[in-house]
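Student: Provided below: target_25.txt, containing compact mmCIF, C-alpha atoms (C1' of nucleotides).
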# COMPACT_ATOMS: atom_id res chain seq x y z
CA MET K 1 2.96 85.25 161.35
CA ASP K 2 3.68 87.35 158.34
CA THR K 3 4.11 85.76 154.96
CA VAL K 4 7.43 86.00 153.21
CA GLN K 5 5.74 87.68 150.31
CA SER K 6 4.37 90.57 152.33
CA TYR K 7 7.81 90.96 153.76
CA LEU K 8 9.58 90.62 150.46
CA HIS K 9 7.56 92.81 148.19
CA ALA K 10 9.37 95.85 149.49
CA CYS K 11 12.41 93.92 150.63
CA PRO K 12 15.86 95.36 149.93
CA ALA K 13 17.24 91.88 149.49
CA ARG K 14 14.67 91.27 146.79
CA THR K 15 15.72 94.41 144.98
CA VAL K 16 19.37 93.47 145.05
CA LEU K 17 18.64 89.86 144.20
CA GLU K 18 16.70 90.86 141.11
CA ALA K 19 19.58 93.08 140.11
CA ILE K 20 22.10 90.26 140.08
CA THR K 21 20.11 87.10 139.32
CA ASN K 22 20.78 86.98 135.65
CA LYS K 23 23.35 85.30 133.53
CA TRP K 24 26.10 87.92 133.36
CA THR K 25 25.95 90.55 136.09
CA VAL K 26 28.06 88.72 138.63
CA LEU K 27 30.57 87.72 135.97
CA VAL K 28 30.94 91.24 134.59
CA LEU K 29 31.41 92.76 138.01
CA THR K 30 33.90 90.06 138.95
CA SER K 31 35.81 90.54 135.71
CA LEU K 32 36.18 94.25 136.33
CA ARG K 33 37.35 93.68 139.86
CA SER K 34 39.88 91.08 138.85
CA ASN K 35 41.40 93.40 136.26
CA GLY K 36 42.20 96.46 138.30
CA GLY K 37 38.67 97.81 138.34
CA THR K 38 38.61 99.30 134.86
CA MET K 39 38.16 97.76 131.44
CA ARG K 40 37.09 98.82 127.98
CA PHE K 41 34.07 97.41 126.18
CA ASN K 42 35.77 94.97 123.84
CA GLU K 43 38.31 94.10 126.47
CA LEU K 44 35.45 92.89 128.66
CA ARG K 45 33.87 91.19 125.67
CA ARG K 46 36.99 89.16 124.98
CA PHE K 47 37.58 88.42 128.64
CA LEU K 48 34.07 87.14 129.19
CA ASP K 49 34.39 85.06 126.04
CA GLY K 50 30.92 83.93 125.13
CA ILE K 51 28.86 86.95 126.02
CA THR K 52 27.12 88.58 123.09
CA GLN K 53 27.52 92.27 122.43
CA LYS K 54 23.89 92.86 123.24
CA MET K 55 24.04 91.17 126.61
CA LEU K 56 27.27 92.93 127.56
CA THR K 57 25.74 96.31 126.73
CA GLN K 58 22.58 95.43 128.57
CA THR K 59 24.41 94.15 131.64
CA LEU K 60 26.71 97.15 131.78
CA ARG K 61 23.79 99.57 131.45
CA SER K 62 22.02 97.84 134.29
CA LEU K 63 25.12 97.95 136.47
CA GLU K 64 25.62 101.60 135.61
CA ARG K 65 22.03 102.41 136.46
CA ASP K 66 22.42 100.70 139.83
CA GLY K 67 25.55 102.67 140.61
CA MET K 68 27.84 99.66 140.50
CA VAL K 69 29.77 100.72 137.42
CA ARG K 70 30.82 104.09 136.09
CA ARG K 71 30.88 104.64 132.33
CA THR K 72 33.40 107.10 130.97
CA VAL K 73 33.36 108.15 127.34
CA TYR K 74 36.44 109.68 125.74
CA PRO K 75 35.43 111.73 122.71
CA THR K 76 38.25 110.41 120.58
CA VAL K 77 38.34 108.72 117.22
CA PRO K 78 37.95 105.85 117.43
CA PRO K 79 35.78 106.14 120.53
CA ARG K 80 37.03 104.83 123.83
CA VAL K 81 34.73 103.88 126.69
CA ASP K 82 35.97 102.83 130.08
CA TYR K 83 33.93 100.89 132.58
CA SER K 84 35.06 101.19 136.18
CA VAL K 85 33.65 99.49 139.22
CA THR K 86 32.45 102.01 141.79
CA GLU K 87 32.85 101.84 145.53
CA LEU K 88 29.35 100.40 145.75
CA GLY K 89 30.19 97.81 143.14
CA THR K 90 33.39 96.91 144.94
CA SER K 91 31.48 96.51 148.17
CA LEU K 92 29.01 94.13 146.55
CA GLY K 93 31.81 92.35 144.73
CA GLU K 94 33.43 91.49 148.03
CA LEU K 95 30.31 89.56 148.94
CA PHE K 96 30.75 87.57 145.76
CA ASN K 97 34.20 86.63 146.98
CA THR K 98 32.76 85.29 150.21
CA PHE K 99 30.20 83.48 148.13
CA GLY K 100 32.91 82.06 145.89
CA GLU K 101 34.85 80.77 148.86
CA TRP K 102 31.77 79.04 150.20
CA ALA K 103 31.24 77.51 146.77
CA ASN K 104 34.81 76.24 146.63
CA GLU K 105 34.52 74.66 150.03
CA ASN K 106 31.13 73.06 149.49
CA VAL K 107 30.76 72.24 145.82
CA ASP K 108 31.93 68.70 146.48
CA ARG K 109 29.16 68.13 148.97
CA ILE K 110 26.62 69.47 146.50
CA MET K 111 27.89 67.29 143.67
CA ALA K 112 27.89 64.28 145.97
CA ALA K 113 24.34 65.02 147.04
CA ARG K 114 23.31 65.22 143.40
CA THR K 115 24.89 61.91 142.56
CA GLU K 116 23.25 60.28 145.51
CA PHE K 117 19.89 61.79 144.57
CA ASP K 118 20.15 60.80 140.92
CA THR K 119 21.13 57.20 141.66
CA ARG K 120 18.56 56.83 144.39
CA PRO K 121 16.14 53.99 143.61
CA ALA K 122 12.73 55.15 142.51
CA PRO K 123 10.33 54.81 145.43
CA GLU K 124 8.55 51.60 144.66
CA PRO K 125 4.80 51.97 144.92
CA VAL K 126 3.22 49.98 147.71
CA ASN K 127 1.32 47.02 146.29
CA MET M 1 45.45 86.13 130.63
CA ASP M 2 42.75 83.55 130.94
CA THR M 3 39.23 84.41 130.01
CA VAL M 4 36.53 84.33 132.62
CA GLN M 5 34.69 81.75 130.60
CA SER M 6 37.48 79.22 130.61
CA TYR M 7 37.75 79.78 134.32
CA LEU M 8 34.05 79.67 134.95
CA HIS M 9 32.89 76.69 132.96
CA ALA M 10 34.08 74.40 135.72
CA CYS M 11 33.81 77.02 138.43
CA PRO M 12 32.23 76.02 141.75
CA ALA M 13 30.78 79.50 142.09
CA ARG M 14 29.07 79.02 138.75
CA THR M 15 27.56 75.75 139.93
CA VAL M 16 26.19 77.28 143.09
CA LEU M 17 25.05 80.42 141.32
CA GLU M 18 23.04 78.41 138.83
CA ALA M 19 21.50 76.53 141.70
CA ILE M 20 20.14 79.62 143.38
CA THR M 21 19.59 82.18 140.63
CA ASN M 22 15.93 81.54 140.11
CA LYS M 23 12.80 83.05 141.45
CA TRP M 24 12.16 80.97 144.55
CA THR M 25 15.17 79.06 145.85
CA VAL M 26 16.50 81.76 148.15
CA LEU M 27 13.02 82.50 149.45
CA VAL M 28 12.22 78.87 150.18
CA LEU M 29 15.48 78.30 152.00
CA THR M 30 15.06 81.52 153.96
CA SER M 31 11.49 80.61 154.87
CA LEU M 32 12.57 77.26 156.25
CA ARG M 33 15.36 78.82 158.25
CA SER M 34 13.12 81.51 159.70
CA ASN M 35 10.60 78.93 160.88
CA GLY M 36 12.72 76.62 162.93
CA GLY M 37 14.17 74.75 159.99
CA THR M 38 11.23 72.47 159.26
CA MET M 39 7.95 73.11 157.47
CA ARG M 40 5.28 71.11 155.70
CA PHE M 41 4.40 71.55 152.04
CA ASN M 42 1.25 73.62 152.35
CA GLU M 43 2.70 75.49 155.29
CA LEU M 44 5.49 76.68 153.01
CA ARG M 45 2.97 77.34 150.28
CA ARG M 46 0.94 79.64 152.49
CA PHE M 47 4.00 81.29 153.94
CA LEU M 48 5.48 82.08 150.56
CA ASP M 49 2.09 83.40 149.46
CA GLY M 50 2.25 83.63 145.70
CA ILE M 51 4.29 80.61 144.75
CA THR M 52 2.42 78.05 142.68
CA GLN M 53 2.30 74.42 143.66
CA LYS M 54 4.40 73.49 140.67
CA MET M 55 7.16 75.92 141.45
CA LEU M 56 7.24 74.99 145.12
CA THR M 57 7.55 71.31 144.26
CA GLN M 58 10.20 72.05 141.66
CA THR M 59 12.20 74.31 143.97
CA LEU M 60 12.05 71.85 146.84
CA ARG M 61 13.15 68.97 144.61
CA SER M 62 16.08 71.00 143.40
CA LEU M 63 17.07 71.92 146.94
CA GLU M 64 16.71 68.31 148.00
CA ARG M 65 18.87 67.14 145.13
CA ASP M 66 21.56 69.62 146.09
CA GLY M 67 21.55 68.43 149.69
CA MET M 68 20.17 71.69 151.06
CA VAL M 69 16.84 70.27 152.16
CA ARG M 70 15.78 66.90 153.53
CA ARG M 71 12.38 65.51 152.58
CA THR M 72 10.66 63.27 155.07
CA VAL M 73 7.49 61.40 154.19
CA TYR M 74 5.21 60.08 156.90
CA PRO M 75 3.07 57.25 155.52
CA THR M 76 -0.09 58.48 157.16
CA VAL M 77 -3.52 59.35 155.84
CA PRO M 78 -3.64 62.11 154.90
CA PRO M 79 0.01 62.17 153.89
CA ARG M 80 2.42 64.38 155.76
CA VAL M 81 5.71 65.56 154.28
CA ASP M 82 8.26 67.55 156.22
CA TYR M 83 10.96 69.65 154.63
CA SER M 84 13.96 70.39 156.82
CA VAL M 85 16.96 72.50 156.02
CA THR M 86 20.18 70.50 156.26
CA GLU M 87 23.49 71.60 157.70
CA LEU M 88 24.65 72.45 154.19
CA GLY M 89 21.50 74.47 153.57
CA THR M 90 21.91 76.28 156.85
CA SER M 91 25.47 77.12 155.95
CA LEU M 92 24.42 78.59 152.62
CA GLY M 93 21.48 80.33 154.24
CA GLU M 94 23.84 82.22 156.51
CA LEU M 95 25.42 83.74 153.42
CA PHE M 96 21.98 84.97 152.42
CA ASN M 97 21.77 86.74 155.74
CA THR M 98 25.03 88.53 155.08
CA PHE M 99 23.71 89.36 151.66
CA GLY M 100 20.47 90.63 153.13
CA GLU M 101 22.32 92.88 155.53
CA TRP M 102 24.33 94.36 152.70
CA ALA M 103 21.09 94.93 150.83
CA ASN M 104 19.53 96.70 153.78
CA GLU M 105 22.50 98.96 154.17
CA ASN M 106 22.90 99.79 150.49
CA VAL M 107 19.48 99.65 148.86
CA ASP M 108 19.09 103.39 149.32
CA ARG M 109 22.25 104.08 147.36
CA ILE M 110 21.05 101.77 144.60
CA MET M 111 17.65 103.41 144.42
CA ALA M 112 19.26 106.84 144.40
CA ALA M 113 21.60 105.79 141.60
CA ARG M 114 18.62 104.55 139.61
CA THR M 115 16.73 107.80 140.06
CA GLU M 116 19.77 109.77 139.03
CA PHE M 117 20.28 107.57 135.99
CA ASP M 118 16.65 107.71 134.92
CA THR M 119 16.38 111.48 135.23
CA ARG M 120 19.73 112.08 133.60
CA PRO M 121 19.38 114.28 130.50
CA ALA M 122 19.74 112.40 127.26
CA PRO M 123 23.19 113.02 125.86
CA GLU M 124 22.58 115.69 123.31
CA PRO M 125 24.13 114.87 119.97
CA VAL M 126 27.00 117.11 118.93
CA ASN M 127 25.88 119.45 116.18
C1' DC R 1 -2.53 66.88 152.15
C1' DA R 2 0.89 66.63 148.78
C1' DG R 3 1.62 66.34 144.80
C1' DA R 4 1.61 64.96 139.04
C1' DA R 5 0.49 66.33 134.35
C1' DT R 6 -0.49 69.58 130.85
C1' DC R 7 -0.87 73.82 128.39
C1' DC R 8 0.76 78.34 127.45
C1' DG R 9 2.52 83.32 127.71
C1' DC R 10 6.27 86.10 128.23
C1' DG R 11 10.79 87.54 129.00
C1' DT R 12 15.70 86.51 128.72
C1' DA R 13 19.11 85.79 125.86
C1' DG R 14 21.29 84.62 121.31
C1' DA R 15 22.09 85.66 116.26
C1' DT R 16 22.50 88.83 112.69
C1' DA R 17 22.88 93.18 110.28
C1' DC R 18 24.02 97.88 110.39
C1' DT R 19 26.19 102.64 112.16
C1' DG R 20 28.67 107.05 114.13
C1' DC A 1 35.73 100.84 118.71
C1' DA A 2 31.46 100.81 120.74
C1' DG A 3 27.60 100.45 120.13
C1' DT A 4 21.92 100.23 118.01
C1' DA A 5 18.16 97.72 115.85
C1' DT A 6 15.59 93.47 114.74
C1' DC A 7 14.25 88.91 114.68
C1' DT A 8 13.92 84.65 116.79
C1' DA A 9 14.11 80.56 120.27
C1' DC A 10 13.99 78.53 124.29
C1' DG A 11 12.74 77.75 128.79
C1' DC A 12 11.15 79.66 133.22
C1' DG A 13 7.34 80.21 135.61
C1' DG A 14 2.10 80.65 135.97
C1' DA A 15 -2.69 78.63 135.52
C1' DT A 16 -5.49 74.76 135.47
C1' DT A 17 -6.96 70.06 136.04
C1' DC A 18 -6.61 65.68 138.12
C1' DT A 19 -5.03 61.97 141.76
C1' DG A 20 -3.39 58.60 145.70
Would you write out, as structure tokens, the structure that this file holds?
Tutor:
Amino acid sequence: MDTVQSYLHACPARTVLEAITNKWTVLVLTSLRSNGGTMRFNELRRFLDGITQKMLTQTLRSLERDGMVRRTVYPTVPPRVDYSVTELGTSLGELFNTFGEWANENVDRIMAARTEFDTRPAPEPVN
Amino acid sequence: MDTVQSYLHACPARTVLEAITNKWTVLVLTSLRSNGGTMRFNELRRFLDGITQKMLTQTLRSLERDGMVRRTVYPTVPPRVDYSVTELGTSLGELFNTFGEWANENVDRIMAARTEFDTRPAPEPVN
DNA sequence: CAGAATCCGCGTAGATACTG
DNA sequence: CAGTATCTACGCGGATTCTG
């Protein structure tokens, strides 16, 4: 039987997972999608409320590089930059919706499991 | 309009996301599911090939706490501990499959976008 | 076999100051 | 407005050692 590692080193799922398993990517993509697909930098910043400027820039750059978000600069004064979710980003975002629905339906079971686990008596050592 | 933050602080999706956005959780759950649903500690360790003992223990404890995995200890010598994926874990694992399929279908577009982004000429400053 | 305990590097992310 | 540039911290995850 093959190991997971040998399978995963070149695994597409691994690539995509690494692209989204950070603090803000999912939230940024979801924000864009829930606001018509296009937002400006500080608009996103305010909406996300808590993200630092550095992390927003970093997250947007990463999403742009992965083809999830399109960055459009208007050479005006003051500058205006629009961030739009691409078709690819929309496609991925729809998965997040499915994920969110699962979370809504099952979060209670998870929280209950946690409570049960945390109040479980410590396994008493055999004398 | 509400900010994402105010929405997300108590968001089920956030809870579940935080539970799985780490290096090994998805891989451990997927390994269990792809091996009949039950594996022993060192069996998982070998299968994951690269995970340290600490991280495997930590990941399994977290999954157990969240009700995704059931830990069964057989009081034998040497000790035997089985880890089985629960119904809840199976349910979540199915989402990973959907996710994996999306990754398979779209990883090429992502890689292409990255190449395009990385070879894109640096925006030449206006003189 | 299935861990517990400890030490430590490194990267993610936050805070702050500055700019075209 | 939309960033860039630094500095710093905190914690995740890895390596190692030891145990019932």
Student: Between M:Val77, M:Ala19, M:Leu60, M:Ala13, single out the one closest to chain A, counting all atoms listed in the file.
Tutor: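 Selected residue with least distance to chain A: M:Val77.
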Student: Using all atoms listed in the file, find the residues of chain R whose closest atom to chain M is at most 9 Å away, then write them as a list in words.
Tutor: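 Matching residues, ligands excluded from the count: DC1, DA2 and DG3 of chain R.
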Student: Between M:Leu29, M:Leu56, M:Leu44, M:Leu17, which one has atoms that come closest to chain A, using all atoms listed in the file?
Tutor: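 Of the candidates, the smallest distance to chain A is held by M:Leu56.
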Student: Using all atoms listed in the file - which residues lie no farther than 8 Å from the point (15.5, 84.6, 118.1) in the file's frame? Write them as a list in words.
Tutor: DG14 and DA15 of chain R; DC7, DT8 and DA9 of chain A
Student: Which of these, K:Leu32, K:Pro75, K:Ile20, K:Leu63, has the shortest distance to chain A once you count all atoms listed in the file?
Tutor: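 Among the listed residues, the smallest separation from chain A belongs to K:Pro75.
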Student: Do you know which residues lie at most 12 Å from (-4.2, 73.2, 137.2), with coordinates as in the file and only C-alpha atoms (C1' of nucleotides) counted, and could you write them as a PyMOL selection string?
Tutor: (chain M and resi 52-54) or (chain R and resi 3-7) or (chain A and resi 14-18)
Student: Just to confirm, what's the straight-line distance from atom CA of K:Val16 to atom CA of K:Ile110 in Å (one decimal)?
Tutor: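 So the two atoms, atom CA of K:Val16 and atom CA of K:Ile110, lie 25.1 Å apart.
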Student: Dump as a Markdown table the rows for residues of chain A within 10 Å of chain K: closest atom pair and distance in Å with one decimal, only C-alpha atoms (C1' of nucleotides) counted, ordered by chain and rising residue number.
Tutor:
| residue | atom | partner | partner_atom | distance |
| --- | --- | --- | --- | --- |
| A:DC1 | C1' | K:Pro79 | CA | 5.6 |
| A:DA2 | C1' | K:Pro79 | CA | 6.9 |
| A:DG3 | C1' | K:Thr57 | CA | 8.0 |
| A:DT4 | C1' | K:Lys54 | CA | 9.2 |
Student: Give me the residues near stretch 105-108 of chain M as a list in words, where near means some atom within 12 Å (using only C-alpha atoms (C1' of nucleotides)) and where sequence neighbours in that chain fewer than 4 positions away do not count.
Tutor: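 Surrounding residues, per the criterion: Ala10, Cys11, Pro12, Ala13, Arg14, Thr15, Val16, Leu17, Ala19, Asp66, Gly67, Met68, Glu87, Leu88, Gly89, Ser91 and Leu92 of chain K; Thr98, Phe99, Gly100, Glu101, Ala112, Ala113, Arg114 and Thr115 of chain M.
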Student: Could you please determine the separation between atom C1' of R:DA13 and atom CA of M:Thr21 in Å, to one decimal place?
Tutor: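 Between atom C1' of R:DA13 and atom CA of M:Thr21 the gap is 15.2 Å.
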Student: Taking 6 positions as the minimum chain separation for residues in the same chain, which residues sit within 10 Å of M:Glu64 when counting all atoms listed in the file? Answer as a PyMOL selection string.
Tutor: (chain K and resi 113-114+117) or (chain M and resi 58+70-71+83-86+89)
Student: Looking at only C-alpha atoms, which of K:Asn97, K:Thr76, K:Asn104, K:Asn35 is the one that sits closest to chain M?
Tutor: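 Going through K:Asn97, K:Thr76, K:Asn104, K:Asn35 one by one, the smallest distance to chain M is for K:Asn104.
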Student: Which of these residues is nearest to chain M, using only C-alpha atoms: K:Arg33, K:Phe47, K:Gly93, K:Ser62?
Tutor: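 Using only C-alpha atoms, chain M sits closest to K:Phe47.
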Student: Have a look at atom CA of M:Ser31 and atom CA of K:Met111 and let me know their distance in Å, one decimal.
Tutor: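 Between these atoms lies a distance of 23.9 Å.
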Student: Name the closest residue to chain K among the candidates M:Val69, M:Ile51, M:Val26, M:Ala103; distances are taken between atoms, counting only C-alpha atoms.
Tutor: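 Once distances to chain K are computed over only C-alpha atoms, the minimum belongs to M:Ala103.
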Student: Pop stretch 55-66 of chain M out of the structure in the block and write all heavy atoms as a compact mmCIF listing (two decimals), in the first residue's frame.
Tutor:
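File produced: decode-v9.txt:
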# COMPACT_ATOMS: atom_id res chain seq x y z
N MET M 55 3.03 15.09 16.65
CA MET M 55 1.98 15.67 15.84
C MET M 55 0.84 14.69 15.60
O MET M 55 -0.32 15.09 15.54
CB MET M 55 2.55 16.20 14.52
CG MET M 55 3.46 17.40 14.68
SD MET M 55 2.83 18.64 15.85
CE MET M 55 1.30 19.12 15.05
N LEU M 56 1.18 13.41 15.45
CA LEU M 56 0.12 12.42 15.25
C LEU M 56 -0.74 12.32 16.50
O LEU M 56 -1.97 12.33 16.43
CB LEU M 56 0.73 11.05 14.90
CG LEU M 56 -0.29 9.94 14.65
CD1 LEU M 56 -1.32 10.33 13.61
CD2 LEU M 56 0.40 8.64 14.26
N THR M 57 -0.09 12.24 17.66
CA THR M 57 -0.82 12.20 18.92
C THR M 57 -1.71 13.43 19.06
O THR M 57 -2.90 13.33 19.35
CB THR M 57 0.16 12.16 20.10
OG1 THR M 57 0.96 10.99 20.00
CG2 THR M 57 -0.58 12.16 21.42
N GLN M 58 -1.12 14.58 18.81
CA GLN M 58 -1.83 15.85 18.96
C GLN M 58 -3.04 15.93 18.03
O GLN M 58 -4.13 16.34 18.43
CB GLN M 58 -0.83 16.97 18.65
CG GLN M 58 -1.28 18.35 19.02
CD GLN M 58 -0.11 19.34 18.86
OE1 GLN M 58 0.93 19.20 19.50
NE2 GLN M 58 -0.30 20.32 17.98
N THR M 59 -2.81 15.53 16.78
CA THR M 59 -3.88 15.59 15.78
C THR M 59 -5.01 14.63 16.13
O THR M 59 -6.19 14.97 16.04
CB THR M 59 -3.32 15.26 14.39
OG1 THR M 59 -2.24 16.15 14.09
CG2 THR M 59 -4.39 15.40 13.32
N LEU M 60 -4.62 13.42 16.56
CA LEU M 60 -5.63 12.43 16.92
C LEU M 60 -6.44 12.87 18.14
O LEU M 60 -7.65 12.70 18.18
CB LEU M 60 -4.97 11.07 17.18
CG LEU M 60 -4.52 10.31 15.93
CD1 LEU M 60 -3.63 9.14 16.29
CD2 LEU M 60 -5.73 9.84 15.12
N ARG M 61 -5.77 13.47 19.12
CA ARG M 61 -6.47 13.96 20.30
C ARG M 61 -7.50 15.03 19.91
O ARG M 61 -8.63 15.04 20.40
CB ARG M 61 -5.49 14.56 21.29
CG ARG M 61 -4.67 13.59 22.06
CD ARG M 61 -5.48 12.80 23.09
NE ARG M 61 -4.60 11.89 23.81
CZ ARG M 61 -4.12 10.76 23.31
NH1 ARG M 61 -4.46 10.38 22.09
NH2 ARG M 61 -3.32 10.00 24.03
N SER M 62 -7.06 15.91 19.03
CA SER M 62 -7.94 16.99 18.60
C SER M 62 -9.16 16.43 17.86
O SER M 62 -10.30 16.86 18.08
CB SER M 62 -7.16 17.94 17.70
OG SER M 62 -8.02 18.90 17.13
N LEU M 63 -8.91 15.45 17.00
CA LEU M 63 -10.00 14.83 16.26
C LEU M 63 -10.93 14.06 17.20
O LEU M 63 -12.15 14.05 17.02
CB LEU M 63 -9.43 13.87 15.20
CG LEU M 63 -8.91 14.54 13.93
CD1 LEU M 63 -8.12 13.56 13.08
CD2 LEU M 63 -10.07 15.12 13.11
N GLU M 64 -10.33 13.46 18.21
CA GLU M 64 -11.14 12.73 19.18
C GLU M 64 -12.02 13.69 19.97
O GLU M 64 -13.21 13.47 20.15
CB GLU M 64 -10.22 11.95 20.14
CG GLU M 64 -10.98 11.04 21.09
CD GLU M 64 -10.10 10.54 22.22
OE1 GLU M 64 -8.93 10.99 22.30
OE2 GLU M 64 -10.59 9.74 23.04
N ARG M 65 -11.42 14.79 20.37
CA ARG M 65 -12.16 15.80 21.13
C ARG M 65 -13.32 16.36 20.34
O ARG M 65 -14.38 16.68 20.89
CB ARG M 65 -11.20 16.93 21.54
CG ARG M 65 -11.82 17.96 22.45
CD ARG M 65 -10.79 18.95 22.98
NE ARG M 65 -10.95 20.27 22.42
CZ ARG M 65 -11.59 21.27 23.03
NH1 ARG M 65 -12.12 21.10 24.21
NH2 ARG M 65 -11.69 22.44 22.45
N ASP M 66 -13.14 16.48 19.04
CA ASP M 66 -14.18 17.04 18.20
C ASP M 66 -15.20 16.00 17.74
O ASP M 66 -16.09 16.30 16.95
CB ASP M 66 -13.56 17.71 16.96
CG ASP M 66 -12.89 19.03 17.33
OD1 ASP M 66 -13.06 19.48 18.48
OD2 ASP M 66 -12.21 19.61 16.47
